[in-house]
Protein chains: 4
Amino acid sequence: MAGAWEIVRRHGQDPAKFAAALRDFHVETPSWGYGNAGTRFQVFAHPGAARNIFEKLADAAQVHRLTGICPTVAVHIPWDKVEDYSALHAEAEKLGVKIGAVNPNLFQEPEYMLGSLCHAGRAVRRKAADHLLECVRIAREVGSPAISLWLADGTNYPGQGHFRRRRQWLAEALEEVYAAMPEGMRLLIEYKPSEPGFYHTDIADWGSAYVLAAHLGPRAQVLVDLGHHPQGVNVEHIVATLLGEGRLGGFHFNDRKYADDDLIAGSSNPYQLFLIFNELVDAAQDADPAVAACAAGVAYMVDQSHNIEPKIPAMIRSVLNIQTALAKALLVDRQALAAAQDRGDVLAAEAMVRDAFETDVRPLLAQFRAEQGLPEDPLAAYYASDYPRRIATERGTGGKGWA
Amino acid sequence: MAGAWEIVRRHGQDPAKFAAALRDFHVETPSWGYGNAGTRFQVFAHPGAARNIFEKLADAAQVHRLTGICPTVAVHIPWDKVEDYSALHAEAEKLGVKIGAVNPNLFQEPEYMLGSLCHAGRAVRRKAADHLLECVRIAREVGSPAISLWLADGTNYPGQGHFRRRRQWLAEALEEVYAAMPEGMRLLIEYKPSEPGFYHTDIADWGSAYVLAAHLGPRAQVLVDLGHHPQGVNVEHIVATLLGEGRLGGFHFNDRKYADDDLIAGSSNPYQLFLIFNELVDAAQDADPAVAACAAGVAYMVDQSHNIEPKIPAMIRSVLNIQTALAKALLVDRQALAAAQDRGDVLAAEAMVRDAFETDVRPLLAQFRAEQGLPEDPLAAYYASDYPRRIATERGTGGKGWA
Amino acid sequence: MAGAWEIVRRHGQDPAKFAAALRDFHVETPSWGYGNAGTRFQVFAHPGAARNIFEKLADAAQVHRLTGICPTVAVHIPWDKVEDYSALHAEAEKLGVKIGAVNPNLFQEPEYMLGSLCHAGRAVRRKAADHLLECVRIAREVGSPAISLWLADGTNYPGQGHFRRRRQWLAEALEEVYAAMPEGMRLLIEYKPSEPGFYHTDIADWGSAYVLAAHLGPRAQVLVDLGHHPQGVNVEHIVATLLGEGRLGGFHFNDRKYADDDLIAGSSNPYQLFLIFNELVDAAQDADPAVAACAAGVAYMVDQSHNIEPKIPAMIRSVLNIQTALAKALLVDRQALAAAQDRGDVLAAEAMVRDAFETDVRPLLAQFRAEQGLPEDPLAAYYASDYPRRIATERGTGGKGWA
Amino acid sequence: MAGAWEIVRRHGQDPAKFAAALRDFHVETPSWGYGNAGTRFQVFAHPGAARNIFEKLADAAQVHRLTGICPTVAVHIPWDKVEDYSALHAEAEKLGVKIGAVNPNLFQEPEYMLGSLCHAGRAVRRKAADHLLECVRIAREVGSPAISLWLADGTNYPGQGHFRRRRQWLAEALEEVYAAMPEGMRLLIEYKPSEPGFYHTDIADWGSAYVLAAHLGPRAQVLVDLGHHPQGVNVEHIVATLLGEGRLGGFHFNDRKYADDDLIAGSSNPYQLFLIFNELVDAAQDADPAVAACAAGVAYMVDQSHNIEPKIPAMIRSVLNIQTALAKALLVDRQALAAAQDRGDVLAAEAMVRDAFETDVRPLLAQFRAEQGLPEDPLAAYYASDYPRRIATERGTGGKGWA
């Protein structure tokens, strides 16, 4: 089994550096991914789904215990609101995880029906901004490094809102929030082209998020959710561009076939996931320190909606798929690739990238896990443990992740 | 104002025939369109939203009273389930409307998480087929002419289901239902490419619905929902093809920008709505009696989700937009158009169709309404009535349309 | 017929200001639009299609003579290359038009197969940059105000090129070109998501063009081609955002159903064209002088491919459709609209915008033309003239616009 | 190396049957794939590109010699027109290949600008039908088993053509052609949603092709080109449906990112290619003989446009990618999969399919080739041969594949 590393050498890579890159890689799982979720048509209940933030943390800790790559948990306010955040912080540490990004919620209060930070009414905008400021405070208390903002604002009809006025209100609110953030805290600005606003969304694409971030300052960056692009968009190219500009802040991993389907990462288009990591690995190894630093700072996070599958196994599957994509990307021989690109050898260059993808890295990752003291097959280990049966008994059909 | 008909003459049309076509045109509104609705993120409450089928019928009757074109109401089982369907029938008649299509629900029972008619378990399939048979019985009792089937079955992941086995189960169930339908009742088969199944849906496109219908018999037809197509599809061409094959059964009108957004019909792409009516009017006037009969039998229905706007005004706006599209399509001089097409005059042919669309038919429709004893501006009349205030008081923030 | 202005007053607008806005509006037509064009499958020949830049200028002058709104002509180098540019300048003036934007060509030399400014080879990049510098010189000579750059660079396969290196080469080249441009000359940077590069294009979206422009300086702006967006993108929102940032430089008008179809503007989705003008008019009237100045400086240009229709009539049709969209947008009562938006009246706000679109402005535009001494129906006037017959005789089946 | 078969056994498959399935699999390459090709913007010349049908046959024979899976060559009339078809037949045999499907051309004659079989003029329709009849005669002479029809007919503007009349003309012409086909010859009907008709195409989707085929008879079937679907469509589901109806006739393999990009098969979305083969293998092993027979009869063909890469290597790459997808699909344990599906184990079912895809079958295929007396790495063998240098010398920059 130790021979699994042979494949790394055969691709011209140093096993020690390869293993180090795998060890450095972490994926944050979201608290809301451990509760029940669904579509606008129905939320189906799953036995054992977590009912509150403490159960969510416990589940996330299981995922980390088995995979070794999920030491942090994103929280959502107010879904994960508690009286005492230092107690929450302590509970997380006790379980062997930490609180990750704090995610504000600007889409469920009745006042937000027509917008929050972009609402035409000053009072609603104030309330929304205050919620962000509250999230900054919570982030301080729980030791979180980032506010991860998905703004659900948008409109359904032409004429309903004034694009430029809304954007100005948005920019003003973000300035206030940015100013309130302590040193070392980042604002990750997510974009999304549709839903729940169907005619327009106020932060529709990476360009829109970039411009906001650029006006704010260096600690404002763009968050890429893999399901938030129109069909046909080259996401890895966007990733590369943001890395080049020092503005790639993080990811929400998931997969989709048509819209923002929030499926398991890598389940629909695994090649795309690999190609994204191909850019990330490339940037991490870049000679330009600014680019490498940006790559090193990227926050990798899962954001999915496991509507029909058991929550914890789906999360394990997801983070393993993401780790697989990274491992394959680490196999690419970048010097040889650059040489093929430089001589205009289209087919050779394509083959080098595809070859890494076609390589089966599962034995290698099993070996890596064994060396880390982790189960070689985390999903099998989960099923073999008594955890699934225990939570099914304790929690019944569980609670909704999103409420 | 009577001069409003002048525009009809100027387009080479006979005002009497034009008025007759407008009088013959009806749009069915859905009971669920009068209750609160939303996205997967939130359902916002609207003052006065209907809380049960009786309030929904009352609201639908208001829409018909003001517009004169909405004499029937689609119902959804079990959302509109009652003890006594003949009483429901009677109540509708008392209000001046009739029950239209009966819509089964195969997506909210816990058993249906992985499918209903296409579920791998025989017992679930049996339950689902029984629900359809129940809907046939209800349709008989309330005098409904059609079962309108949207099958939400689908999968989220490759491998999750076996496409061809699922389809066979589906075909078998529909045969049983078709056999149970009395003479004169139609089965309208809706298609949809995505949601809630994100990887595949069992009836994904018109071809899939058509093949099922063709195997069943002449009273099985295809239902076109305007939001149920991938981007870039030419929907009016599908409409024409189904008319030519005698298989166009009905419509679910709505509009969208990206996915199945369920916005007000004609609010996002009014030209498309007009071009669809252009095909319908053309077929209705066809020399081939089979084509004309198919066009004459089309069931026009609204299916929208008014998430952020008041329900009854949104419904009035919708049916007026649909009527507007019809009126414009009636203006097209089909003989002149055929002549331009025959001589290969691309720009002249295009101009004739666009000209009808660019013509402002609102004065004409106002005049038509006045001649029918209807308010010239139904929406203004609604706001001027005491109905909105009355229901806001009586119903509070209302009930959900979909539960 | 003078009563045609009544409709302007009824929408709360001042006819004098309305007429002034119409008079100020110009659309540039492209020289290449007067020659034969086609798809990758075939270029069909049209009788009378222009065979060289002088015939193209003559045709463009006809379009201006009849419509009064097309005083400038975009040229493409090397398609429109001549020995003596001051002679070209003089010839244009003689015909009553001026040379507009100069469009470089970086996609037809054999060396450019794998890229031009983004090519891995320094010599190719040098050649490409030199071509841009040559275009700057030509622009000076012919008095052109802008270089309009569509960069066709891209790749077909993952791995073929290095995204970030390519972007760096691009940025360096543009800096050199920008520095060479005289005061008052603008660089308009076009974006396009696909074709001829199918896997990636180096300037794929407005965000990518914006970032390049922002790094260059204030005279670098973004050019929006209506066919250069993935499906489902809200183009008017992009337009508004760029106006708000002072970076909207110009348009390439056309329409499409699926990809970059280059159809007649407003022929596929006229509502979208109107909504774009709705943003332009709104910005032109903005209290913020920077926004109004940006709107005032926008270069309106047509870029279409009339594959199956006669060239000059298609161009007349196009610019009339564009003028129609502007006239409708000028009808919107912006104060009333802002009030409806402020009070959250979704349906009223939507109605105000839609109402302007539903209004038939053709009688008004006919009247406006008559007052300007122009034919009321420019297309009919063209067909009635001897120009079409004369060029058909003189030019035979014409020449290709693109070679 | 013989141990490469171990992986087959580990997936519960019989190596002998596995090898037999690989031996039975053939992919037809297209004559036009060996000449130069491009986009509407430019056709770049490649050293050694074939200049006529005899050079194309020679190149195709090379691909077959090295891969062992390409024994037939599709021809295009009139691009491959010759005086003496029996001589062509003999030349092919001499080279070790056979003539495959005959592809008519209904899009390059000047008369076809506004359509061929769907043209409004009877004379043009007659000419187009006569061309198809000529292709049937040629197919008889060269021993071809199929007419592979891509109909380029469509329109660019609403109103330009009458959808239903065009469809009737099309149906009539196909009836005549079908009647002229000898026993054993098939008519493969391709569909495509856009280009070169941008507003509508007369055979836009599989449903449209299916209905035509169903009206014609059992030897009319549907041809699936992987690039001919709107974004987001589940192509493997269409494949399964057509297999279930006995109407899947063949494939045009290629890949794409946005539109009909005609890239190397499997280069953009290799998982999709695998999932399509997953359906084909499943159907071939079906207990229903009609389904298995349909699968056995499928014509596998490449249709790509190698614009920037050398032709023969690109073709070898393509057919190897296709073979790889097949080999992976053969690994799926269908009994275990059905069991997981039956018990509703979403994640286990998904894992079985993904596992086959993640398995690296390249060593296995190398071993299989060695056992067949073929080079283990056909592309390396090609580059090592003197063929590339010879044709570069003999043919210069080559000829266009499409003219």
# chains A, B, ... in the order shown; residues from 1 in each chain; ligands from 1
>>> interface_residues(of="chain A", to="chain D", cutoff="7 Å", atoms="only C-alpha atoms", output="JSON list (two decimals) with N, CA and C atoms, in the first residue's frame")
[["chain", "number", "residue", "atom", "x", "y", "z"],
["A", 231, "GLN", "N", -25.43, 28.99, -17.23],
["A", 231, "GLN", "CA", -24.91, 27.83, -17.95],
["A", 231, "GLN", "C", -23.80, 28.25, -18.91],
["A", 232, "GLY", "N", -22.79, 27.40, -19.01],
["A", 232, "GLY", "CA", -21.76, 27.60, -20.03],
["A", 232, "GLY", "C", -20.60, 28.47, -19.59],
["A", 257, "LYS", "N", -26.73, 20.76, -12.19],
["A", 257, "LYS", "CA", -26.96, 20.42, -13.59],
["A", 257, "LYS", "C", -27.53, 21.63, -14.33],
["A", 258, "TYR", "N", -28.43, 22.37, -13.70],
["A", 258, "TYR", "CA", -29.07, 23.48, -14.42],
["A", 258, "TYR", "C", -28.99, 24.80, -13.64],
["A", 269, "ASN", "N", -20.37, 17.24, -12.46],
["A", 269, "ASN", "CA", -19.29, 17.54, -13.39],
["A", 269, "ASN", "C", -17.95, 17.49, -12.67],
["A", 271, "TYR", "N", -15.01, 16.88, -13.65],
["A", 271, "TYR", "CA", -13.86, 17.47, -14.35],
["A", 271, "TYR", "C", -13.77, 18.96, -14.03],
["A", 309, "GLU", "N", -30.79, 12.65, 0.61],
["A", 309, "GLU", "CA", -29.78, 11.69, 1.05],
["A", 309, "GLU", "C", -29.44, 11.97, 2.51],
["A", 346, "VAL", "N", -1.10, 21.93, -28.57],
["A", 346, "VAL", "CA", -2.43, 21.91, -27.96],
["A", 346, "VAL", "C", -2.75, 20.54, -27.39],
["A", 347, "LEU", "N", -2.51, 19.49, -28.17],
["A", 347, "LEU", "CA", -2.92, 18.16, -27.72],
["A", 347, "LEU", "C", -2.06, 17.66, -26.56],
["A", 358, "GLU", "N", -7.50, 11.58, -15.14],
["A", 358, "GLU", "CA", -7.82, 10.17, -15.39],
["A", 358, "GLU", "C", -7.12, 9.23, -14.40],
["A", 359, "THR", "N", -6.14, 9.75, -13.72],
["A", 359, "THR", "CA", -5.42, 8.91, -12.75],
["A", 359, "THR", "C", -6.29, 8.65, -11.53],
["A", 360, "ASP", "N", -6.30, 7.42, -11.10],
["A", 360, "ASP", "CA", -7.12, 7.04, -9.95],
["A", 360, "ASP", "C", -6.32, 7.29, -8.67]]
>>> residues_around(residues="stretch 364-373 of chain A", least_positions_apart="5", cutoff="9 Å", atoms="only C-alpha atoms", output="list in words")
Met1, Ala2, Gly3, Ala4, Trp5, Glu6, Ile7, Val8, Ala19, Leu22, Arg23, Thr67, Gly68, Gln323, Thr324 and Ala327 of chain A
>>> atom_distance(atom1="atom CA of A:Glu28", atom2="atom CA of A:Cys70")
5.4 Å
>>> select_by_dssp(residues="stretch 39-74 of chain B", states="strand (DSSP E or B)", output="number ranges by chain")
B: 43, 72-74
>>> write_last_selection(atoms="C-alpha atoms", output="compact mmCIF listing (two decimals), in the first residue's frame")
# COMPACT_ATOMS: atom_id res chain seq x y z
CA VAL B 43 -42.79 32.35 1.98
CA THR B 72 -63.05 28.25 -14.45
CA VAL B 73 -60.72 27.47 -11.57
CA ALA B 74 -58.14 24.68 -11.43
>>> atom_distance(atom1="atom CA of B:Thr241", atom2="atom CA of B:Leu263")
25.3 Å
>>> residues_around(residues="D:Ala339", least_positions_apart="4", cutoff="12 Å", atoms="only C-alpha atoms", output="list in words")
Ala120, Gly121, Gly159, Gln160, Gly161 and His162 of chain B; Asp333, Arg334, Gln335, Arg343, Gly344, Asp345, Val346, Ala348, Ala349 and Met352 of chain D
>>> residues_around(residues="A:His237", least_positions_apart="2", cutoff="9 Å", atoms="only C-alpha atoms", output="MDAnalysis selection string")
(chainID A and resid 233:235 239:242 276 279) or (chainID C and resid 163:164 200:202 204)
>>> select_by_dssp(residues="stretch 194-225 of chain D", states="helix (DSSP H, G or I)", output="ChimeraX atom specification")
/D:206-216
>>> write_last_selection(atoms="N, CA and C atoms", output="short mmCIF file (atom, residue, chain, number, x, y, z; two decimals), in the first residue's frame")
data_model
loop_
_atom_site.label_atom_id
_atom_site.label_comp_id
_atom_site.auth_asym_id
_atom_site.auth_seq_id
_atom_site.Cartn_x
_atom_site.Cartn_y
_atom_site.Cartn_z
N TRP D 206 -34.89 16.07 -30.07
CA TRP D 206 -35.10 14.64 -30.31
C TRP D 206 -36.58 14.33 -30.51
N GLY D 207 -37.43 15.06 -29.83
CA GLY D 207 -38.87 14.82 -30.00
C GLY D 207 -39.29 15.04 -31.44
N SER D 208 -38.78 16.09 -32.00
CA SER D 208 -39.12 16.43 -33.39
C SER D 208 -38.61 15.36 -34.35
N ALA D 209 -37.38 14.89 -34.14
CA ALA D 209 -36.83 13.83 -34.99
C ALA D 209 -37.58 12.52 -34.76
N TYR D 210 -37.92 12.25 -33.52
CA TYR D 210 -38.64 11.03 -33.18
C TYR D 210 -40.00 10.96 -33.89
N VAL D 211 -40.74 12.06 -33.84
CA VAL D 211 -42.07 12.07 -34.46
C VAL D 211 -41.96 11.81 -35.97
N LEU D 212 -40.98 12.45 -36.60
CA LEU D 212 -40.77 12.19 -38.03
C LEU D 212 -40.46 10.71 -38.27
N ALA D 213 -39.56 10.17 -37.47
CA ALA D 213 -39.16 8.76 -37.63
C ALA D 213 -40.34 7.82 -37.39
N ALA D 214 -41.12 8.11 -36.36
CA ALA D 214 -42.24 7.23 -36.03
C ALA D 214 -43.25 7.21 -37.17
N HIS D 215 -43.44 8.34 -37.84
CA HIS D 215 -44.38 8.38 -38.96
C HIS D 215 -43.82 7.63 -40.17
N LEU D 216 -42.49 7.57 -40.29
CA LEU D 216 -41.90 6.95 -41.48
C LEU D 216 -41.89 5.42 -41.40
#
>>> residues_around(residues="stretch 104-110 of chain B", least_positions_apart="4", cutoff="9 Å", atoms="only C-alpha atoms", output="PyMOL selection string")
(chain A and resi 41-45) or (chain B and resi 75-79+115-117+128+131-132+134-135+147-153+196)
>>> residues_around(residues="D:Phe274", least_positions_apart="5", cutoff="8 Å", atoms="only C-alpha atoms", output="ChimeraX atom specification")
/D:325-326,328-329,357
>>> residues_around(residues="A:His26", least_positions_apart="4", cutoff="7 Å", atoms="only C-alpha atoms", output="list in words")
Ile69, Cys70, Pro71 and Tyr300 of chain A
>>> write_last_selection(atoms="N, CA and C atoms", output="mmCIF file, in the first residue's frame")
data_model
loop_
_atom_site.group_PDB
_atom_site.id
_atom_site.type_symbol
_atom_site.label_atom_id
_atom_site.label_comp_id
_atom_site.auth_asym_id
_atom_site.auth_seq_id
_atom_site.Cartn_x
_atom_site.Cartn_y
_atom_site.Cartn_z
ATOM 1 N N ILE A 69 -10.087 16.473 7.556
ATOM 2 C CA ILE A 69 -9.897 17.696 6.773
ATOM 3 C C ILE A 69 -10.968 18.751 7.011
ATOM 4 N N CYS A 70 -11.785 18.578 8.039
ATOM 5 C CA CYS A 70 -12.903 19.516 8.246
ATOM 6 C C CYS A 70 -12.889 20.099 9.662
ATOM 7 N N PRO A 71 -11.835 20.833 10.000
ATOM 8 C CA PRO A 71 -11.699 21.287 11.388
ATOM 9 C C PRO A 71 -12.578 22.480 11.743
ATOM 10 N N TYR A 300 -12.046 27.353 1.896
ATOM 11 C CA TYR A 300 -12.789 26.299 1.198
ATOM 12 C C TYR A 300 -13.982 25.879 2.054
#
>>> atom_distance(atom1="atom CA of B:Ala392", atom2="atom CA of A:Cys118")
27.6 Å
